[in-house]
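Notes follow the structure.
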Amino acid sequence: MSLALLTGTALTAPLVLSAPAAAAGGATDPFTVTALKVTVRAGDRNCAVDADLYRPLGVDAAHPAPAVVTTNGFGGSKADGSTAATARAFAARGYVALAYSGLGFGKTGCPISLDDPQIDGRAAGQLLDLLAGTRTADDGTRVDYITKDRPGDPRVGMIGGSYGGAIQLATAAVDHRVDALVPLITWNDLSYSLDPNNADRAGGIGGPVPGAYKRQWTNGFFLIGEAQGLLNPGLDPSRLGGAGCLHFVAPACRTKRLLDSGRYPAEQTRTMLQYARSVSPVSYLKSVKAPTLLVQGEADTLFNLNEAAATYRALTAQGTPAKMIWQAWGHSGGMKDPAKGELDLGKGNLDTSYVGQRILAWFDRYLRHRTDTDTGPAFAYYRDWATSGSAYATSPGYPAGGTRRLYLSGDGTLVDDPFEVARGSREYRNLRVPTSHSENSLAGMIGLPDPQPYDTKGTYLDWTSAPVAGGPLDVVGAPKVTLKVVSPQTERVQNSSDAADKLVLFAKLYDVAPDGRKTLVHRLVAPARVPDATRPFTVELPGIVHRYEPGHRLRLVIAASDSAYAGNRGVKRVTVTSAPGDTGVLELPVTQGTVP
């Protein structure tokens with residue numbers, strides 16, 4: 001048995017034990033499988049990439065076929081359940097498939113470099129040379145049966161998720177021979193993913209100062225990376241990293257050390273942000289021209305829906321063909337057992353799932369050049385409340401609906417008229433330990449139960465709406481809240497050279513049932529490190545797809561801490577004041593229903 005990541009597509013997805021892929025196609029498989037080693041130049045070193053080439057029966061130089069490349073999620077390899085299953089699924093449909101272990105994983109050499117386009121992307125480009133027939137594998141194998149658009153240019157698509165999703169964008173940015181991409185549940189800006197700041201975000205980039213360190217997720221994947229020597233004995237010496245890490249490149253190692261320190265001195269922080277963004281699509285999407293079908297998970301606290309939305313906006317704004325699907329499962333739920341009818345990469349149910357059918361159509365259009373293929377609407381999203389027909393609703397664009405506003409009243413209610421706001425002030429303060437809980441990020445990885453979300457009295461403020469009436473209220477997209485706070489302890493250190501002195505808070509949106517039961521949708525929260533606590537600021541919450549049934553209430557909470565994140569340095573008192581016509585505003589993206 002080998003330790004692999006479910007779907008083979010997660011930076012830190014739930015860990016499962018799965019049987020390795022077969023070394024060759026079975027007697028009844030319509031393809032053969034050949035194991036290959038391909039030595040590539042990756043950054044400052046050479047390393048051997050471990051790959052499996054799936055060749056459909058009947059495909060040869062006289063009868064070529066397009067290729068699909070797939071690789072693993074963080075901690076996986078070419079042999080994990082879903083990476084191999086994805087390759088098999090496409091080979092069974094007549095595509096040549098290349099499944100490989102990403103740099104630093106499985107039996108592939110080189111340290112982990114976080115899908116850096118100049119390292120991982122350039123290495124993947126050398127695998128395209130193999131598919132083009134312009135280079136051979138280490139044993140002399142030459143591939144001469146891939147459809148080509150011109151000499152040296154194989155017709156090739158890529159698919160995979162999370163770590164296996166970002167590599168697609170990184171490759172397409174540095175090698176325009178890639179013809180189609182399907183990145184699932186991946187990131188837009190790694191600095192936002194691991195140290196999110198949802199305050200005053202601009203475009204696809206996080207806020208102007210660092211955020212709240214997502215320590216549980218980050219520590220989880222870091223330990224998985226450092227454990228590669230135990231999981232894969234006898235590693236190539238090229239795997240050794242730097243700056244004190246065993247298996248990560250030196251800049252990644254230094255970034256982790258800075259996050260662990262709890263300090264954000266200006267120069268070191270600037271270097272950290274520059275590095276994290278340099279290995280993220282946010283910095284190189286302008287070079288991505290390949291048609292891209294983005295698939296993101298609604299149940300995902302690691303890479304939330306806002307990441308895919310930022311990538312989608314950037315691609316479409318520059319004219320790159322792109323569409324977006326919000327599916328049910330992500331890193332935080334449903335990966336081991338997807339909802340009925342949902343895509344399950346481990347089973348390869350492309351034909352029978354909505355997302356799978358969309359993927360097949362995407363590759364039909366851009367790899368087989370079937371120009372009459374309908375690739376579907378610009379935006380589709382999964383509705384967990386749908387009981388008949390398709391679970392997916394569609395829209396000709398994103399956002400899908402309109403915006404409705406509620407106002408934060410001084411009596412703790414949400415009202416729909418700014419002049420109905422009650423005058424009043426309320427206060428909370430943080431303690432030196434976390435007093436609110438959204439999730440144990442690693443619980444899903446190891447199959448442990450997770451306590452229900454909670455907030456401790458005196459360490460949060462909340463505002464609750466009237467009950468929804470006249471039909472359900474459907475929220476699809478990223479809510480926003482604009483606030484102004486008073487925090488004397490923060491104001492005294494406002495000009496500190498260490499951004500860690502700035503105020504941190506956590507915004508979240510609950511569904512409160514008529515009996516008082518609260519639901520924090522997919523346990524999503526919006527950490528915010530406020531750039532300037534003397535000015536109003538806007539916090540963008542993670543995107544959701546959620547129906548508030550009649551009789552249910554919306555509850556906005558601003559909490560002082562969260563157990564999954566690093567929080568405030570020192571105790572900070574926070575006061576929020578409301579007055580008629582002058583108060584905080586909650587903006588809701590609504591596709592159906594009336595805001596109470």
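Chain labels A, B, ... are given in the sequence in which chains occur in the structure tokens; within each chain residues are numbered consecutively from 1, and ligands are likewise numbered from 1 in the order shown.
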**OP:** Write down as a VMD selection string the residues belonging to segment 32-252 of chain A that are assigned helix (DSSP H, G or I) by DSSP computed on the backbone.
**Re:** chain A and resid 81 to 92 117 to 132 163 to 174 190 to 194 215 to 226 228 to 231 237 to 239 250 to 252
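Near Ser395 of chain A, within a cut-off of 12 Å and counting only C-alpha atoms, sit the residues Lys323, Met324, Ile325, Trp326, Gly376, Pro377, Ala378, Phe379, Ala380, Tyr381, Tyr382, Gly401, Val476 and Thr591 of chain A, with same-chain residues fewer than 6 positions away left out.
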Original post:
For Arg177 of chain A, which residue among A:Pro418, A:Gly165, A:Pro237, A:Pro154 is the nearest when counting only C-alpha atoms?
Top reply: A:Pro154
Original post:
segment 112-122 of chain A: which residues within 7 Å, counting only C-alpha atoms, same-chain residues fewer than 5 positions away excluded, as number ranges by chain?
Top reply: A: 42-43, 103-104, 166-167, 170-171, 174, 247-249, 279
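Atom CA of Ala124 of chain A is positioned 15.8 Å from atom CA of Val143 of chain A.
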List every residue of segment 255-289 of chain A that has an atom at most 12 Å from any atom of segment 565-574 of chain A, giving for each one its closest atom pair and the distance in Å to one decimal, counting only C-alpha atoms, sorted by chain and then by ascending residue number, as CSV.
residue,atom,partner,partner_atom,distance
A:Leu259,CA,A:Ala566,CA,9.3
A:Asp260,CA,A:Ala566,CA,9.2
A:Ser261,CA,A:Ala566,CA,10.5
A:Gly262,CA,A:Ala566,CA,7.8
A:Arg263,CA,A:Arg569,CA,9.2
A:Tyr264,CA,A:Arg569,CA,11.3
Do you have, as JSON lines, the list of residues of segment 108-202 of chain A lying at most 12 Å from segment 507-519 of chain A, each with its nearest atom pair and that distance in Å to one decimal, counting only C-alpha atoms and ordered by chain then number?
{"residue": "A:Asn197", "atom": "CA", "partner": "A:Ala507", "partner_atom": "CA", "distance": 11.2}
{"residue": "A:Asn198", "atom": "CA", "partner": "A:Ala507", "partner_atom": "CA", "distance": 9.2}
{"residue": "A:Ala199", "atom": "CA", "partner": "A:Ala507", "partner_atom": "CA", "distance": 10.1}
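Shortest separation to Arg270 of chain A among A:Ser561, A:Ser101, A:Thr301, A:Ser191 occurs at residue A:Ser191, atoms counted being only C-alpha atoms.
Candidate residues A:Leu414, A:Thr147, A:Ser441, A:Ala99 were compared for distance to Gly81 of chain A, and the nearest is A:Ala99, using only C-alpha atoms.
Nearest residue to Leu258 of chain A, choosing from A:Ala500, A:Ala123, A:Ala393, A:Ala84 and counting only C-alpha atoms: A:Ala500.
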Original post:
What gap, in Å, lies between atom CA of Leu293 of chain A and atom CA of Pro542 of chain A?
Top reply: 20.5 Å
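Here atom CA of Ala92 of chain A and atom CA of Thr28 of chain A stand 10.7 Å from one another.
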Subject >> Near-Gly410 of chain A list (7 Å; only C-alpha atoms; drop same-chain fewer than 2 positions) as a PyMOL selection string >> reply: chain A and resi 408+412+421-425+577-579
Would you save the residues from that selection as a short mmCIF file (atom, residue, chain, number, x, y, z; two decimals), in the first residue's frame, using N, CA, C and O atoms?
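Generated file (part13.cif):
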data_model
loop_
_atom_site.label_atom_id
_atom_site.label_comp_id
_atom_site.auth_asym_id
_atom_site.auth_seq_id
_atom_site.Cartn_x
_atom_site.Cartn_y
_atom_site.Cartn_z
N LEU A 408 -25.93 47.01 9.43
CA LEU A 408 -25.61 46.54 10.77
C LEU A 408 -26.15 47.53 11.80
O LEU A 408 -25.62 48.64 11.96
N GLY A 412 -27.88 44.95 17.20
CA GLY A 412 -27.50 43.58 16.85
C GLY A 412 -28.37 42.94 15.80
O GLY A 412 -28.32 41.72 15.61
N VAL A 421 -31.60 51.87 11.08
CA VAL A 421 -30.55 51.40 11.98
C VAL A 421 -30.72 52.04 13.35
O VAL A 421 -30.90 53.27 13.46
N ALA A 422 -30.66 51.23 14.40
CA ALA A 422 -30.70 51.76 15.77
C ALA A 422 -29.33 52.28 16.15
O ALA A 422 -28.31 51.68 15.82
N ARG A 423 -29.32 53.40 16.85
CA ARG A 423 -28.05 53.97 17.31
C ARG A 423 -27.51 53.13 18.47
O ARG A 423 -28.25 52.76 19.37
N GLY A 424 -26.22 52.82 18.42
CA GLY A 424 -25.65 52.06 19.53
C GLY A 424 -24.22 51.63 19.26
O GLY A 424 -23.75 51.65 18.12
N SER A 425 -23.52 51.26 20.33
CA SER A 425 -22.14 50.77 20.24
C SER A 425 -22.04 49.46 21.01
O SER A 425 -22.66 49.29 22.06
N THR A 577 -19.69 50.93 16.15
CA THR A 577 -20.76 51.89 16.42
C THR A 577 -21.67 52.02 15.21
O THR A 577 -21.19 52.06 14.06
N SER A 578 -22.96 52.07 15.45
CA SER A 578 -23.94 52.22 14.38
C SER A 578 -24.82 53.43 14.65
O SER A 578 -25.13 53.75 15.81
N ALA A 579 -25.24 54.08 13.57
CA ALA A 579 -26.18 55.19 13.65
C ALA A 579 -26.99 55.21 12.37
O ALA A 579 -26.54 54.70 11.33
#
Subject >> Pick from A:Asp44, A:Gly334, A:Val475, A:Ala243 nearest to Thr403 of chain A, counting only C-alpha atoms >> reply: A:Val475
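Compared by their closest atoms to Asp501 of chain A, and using only C-alpha atoms, the residues A:Ala51, A:Val530, A:Leu483, A:Val433 rank with A:Val530 nearest.
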**OP:** Enumerate the residues of segment 20-235 of chain A with a DSSP assignment of strand (DSSP E), computed from the backbone, and present them as a PyMOL selection string.
**Re:** chain A and resi 31-42+45-56+67-71+96-100+148-150+153-154+156-161+178-184
Original post:
Contacts of Val282 of chain A at 6 Å or less, counting only C-alpha atoms, minus same-chain residues fewer than 3 places along, as a list of chain:residue names?
Top reply: A:Asn188, A:Asp189, A:Leu285
Output the selection as a JSON list (two decimals), in the first residue's frame - all heavy atoms for each residue.
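Output file selection.json follows:
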[["chain", "number", "residue", "atom", "x", "y", "z"],
["A", 188, "ASN", "N", -5.20, 30.50, -6.73],
["A", 188, "ASN", "CA", -4.89, 31.67, -7.55],
["A", 188, "ASN", "C", -3.68, 32.40, -6.99],
["A", 188, "ASN", "O", -2.80, 32.84, -7.73],
["A", 188, "ASN", "CB", -6.10, 32.61, -7.58],
["A", 188, "ASN", "CG", -5.78, 33.96, -8.19],
["A", 188, "ASN", "OD1", -5.45, 34.91, -7.49],
["A", 188, "ASN", "ND2", -5.88, 34.06, -9.50],
["A", 189, "ASP", "N", -3.61, 32.53, -5.67],
["A", 189, "ASP", "CA", -2.53, 33.26, -5.01],
["A", 189, "ASP", "C", -2.18, 32.52, -3.73],
["A", 189, "ASP", "O", -2.95, 32.52, -2.77],
["A", 189, "ASP", "CB", -3.00, 34.68, -4.70],
["A", 189, "ASP", "CG", -1.93, 35.53, -4.02],
["A", 189, "ASP", "OD1", -0.88, 34.97, -3.64],
["A", 189, "ASP", "OD2", -2.15, 36.75, -3.87],
["A", 285, "LEU", "N", -0.84, 34.66, -15.03],
["A", 285, "LEU", "CA", -2.02, 34.34, -15.85],
["A", 285, "LEU", "C", -2.01, 35.10, -17.17],
["A", 285, "LEU", "O", -2.58, 34.65, -18.17],
["A", 285, "LEU", "CB", -3.30, 34.66, -15.09],
["A", 285, "LEU", "CG", -3.74, 33.62, -14.05],
["A", 285, "LEU", "CD1", -4.93, 34.13, -13.27],
["A", 285, "LEU", "CD2", -4.07, 32.28, -14.71]]
Using only C-alpha atoms, which residues sit within 7 Å of segment 223-230 of chain A once same-chain residues fewer than 5 positions away are excluded, as an mmCIF file with all heavy atoms, in the first residue's frame?
data_model
loop_
_atom_site.group_PDB
_atom_site.id
_atom_site.type_symbol
_atom_site.label_atom_id
_atom_site.label_comp_id
_atom_site.auth_asym_id
_atom_site.auth_seq_id
_atom_site.Cartn_x
_atom_site.Cartn_y
_atom_site.Cartn_z
ATOM 1 N N GLY A 75 1.771 15.277 -2.115
ATOM 2 C CA GLY A 75 1.947 14.060 -1.344
ATOM 3 C C GLY A 75 1.628 12.797 -2.104
ATOM 4 O O GLY A 75 1.869 11.704 -1.615
ATOM 5 N N PHE A 105 7.969 14.231 -5.626
ATOM 6 C CA PHE A 105 6.994 13.260 -5.129
ATOM 7 C C PHE A 105 7.181 11.908 -5.806
ATOM 8 O O PHE A 105 7.712 11.815 -6.917
ATOM 9 C CB PHE A 105 5.570 13.771 -5.351
ATOM 10 C CG PHE A 105 5.269 15.026 -4.596
ATOM 11 C CD1 PHE A 105 5.207 16.245 -5.232
ATOM 12 C CD2 PHE A 105 5.082 14.991 -3.216
ATOM 13 C CE1 PHE A 105 4.956 17.411 -4.535
ATOM 14 C CE2 PHE A 105 4.824 16.143 -2.501
ATOM 15 C CZ PHE A 105 4.770 17.355 -3.154
ATOM 16 N N LEU A 235 15.493 7.931 -2.016
ATOM 17 C CA LEU A 235 15.237 9.017 -2.943
ATOM 18 C C LEU A 235 16.508 9.475 -3.640
ATOM 19 O O LEU A 235 17.604 9.413 -3.087
ATOM 20 C CB LEU A 235 14.637 10.202 -2.180
ATOM 21 C CG LEU A 235 13.212 10.024 -1.650
ATOM 22 C CD1 LEU A 235 12.785 11.274 -0.908
ATOM 23 C CD2 LEU A 235 12.242 9.739 -2.780
ATOM 24 N N LEU A 246 14.312 19.594 4.287
ATOM 25 C CA LEU A 246 14.786 18.381 3.633
ATOM 26 C C LEU A 246 14.379 18.331 2.171
ATOM 27 O O LEU A 246 15.176 17.965 1.310
ATOM 28 C CB LEU A 246 14.240 17.153 4.357
ATOM 29 C CG LEU A 246 14.803 16.860 5.743
ATOM 30 C CD1 LEU A 246 14.051 15.690 6.366
ATOM 31 C CD2 LEU A 246 16.292 16.550 5.661
ATOM 32 N N HIS A 247 13.124 18.676 1.887
ATOM 33 C CA HIS A 247 12.582 18.399 0.554
ATOM 34 C C HIS A 247 11.913 19.588 -0.117
ATOM 35 O O HIS A 247 11.261 19.411 -1.148
ATOM 36 C CB HIS A 247 11.608 17.222 0.624
ATOM 37 C CG HIS A 247 12.236 15.963 1.109
ATOM 38 N ND1 HIS A 247 13.248 15.326 0.441
ATOM 39 C CD2 HIS A 247 12.022 15.230 2.235
ATOM 40 C CE1 HIS A 247 13.623 14.243 1.110
ATOM 41 N NE2 HIS A 247 12.901 14.173 2.203
#
Residues of segment 467-551 of chain A that approach segment 583-590 of chain A to 8 Å or less, counting only C-alpha atoms: could you list each one with the shortest pair of atoms and its distance in Å to one decimal, rows by chain and increasing residue number, as CSV?
residue,atom,partner,partner_atom,distance
A:Leu473,CA,A:Val590,CA,7.3
A:Asp474,CA,A:Val590,CA,5.7
A:Val475,CA,A:Val590,CA,4.6
A:Val476,CA,A:Pro589,CA,5.7
A:Gly477,CA,A:Pro589,CA,5.5
A:Ala478,CA,A:Pro589,CA,6.7
A:Pro479,CA,A:Leu588,CA,4.8
A:Lys480,CA,A:Glu587,CA,5.1
A:Val481,CA,A:Leu586,CA,4.4
A:Thr482,CA,A:Val585,CA,5.2
A:Leu483,CA,A:Gly584,CA,4.7
A:Lys484,CA,A:Gly584,CA,6.8
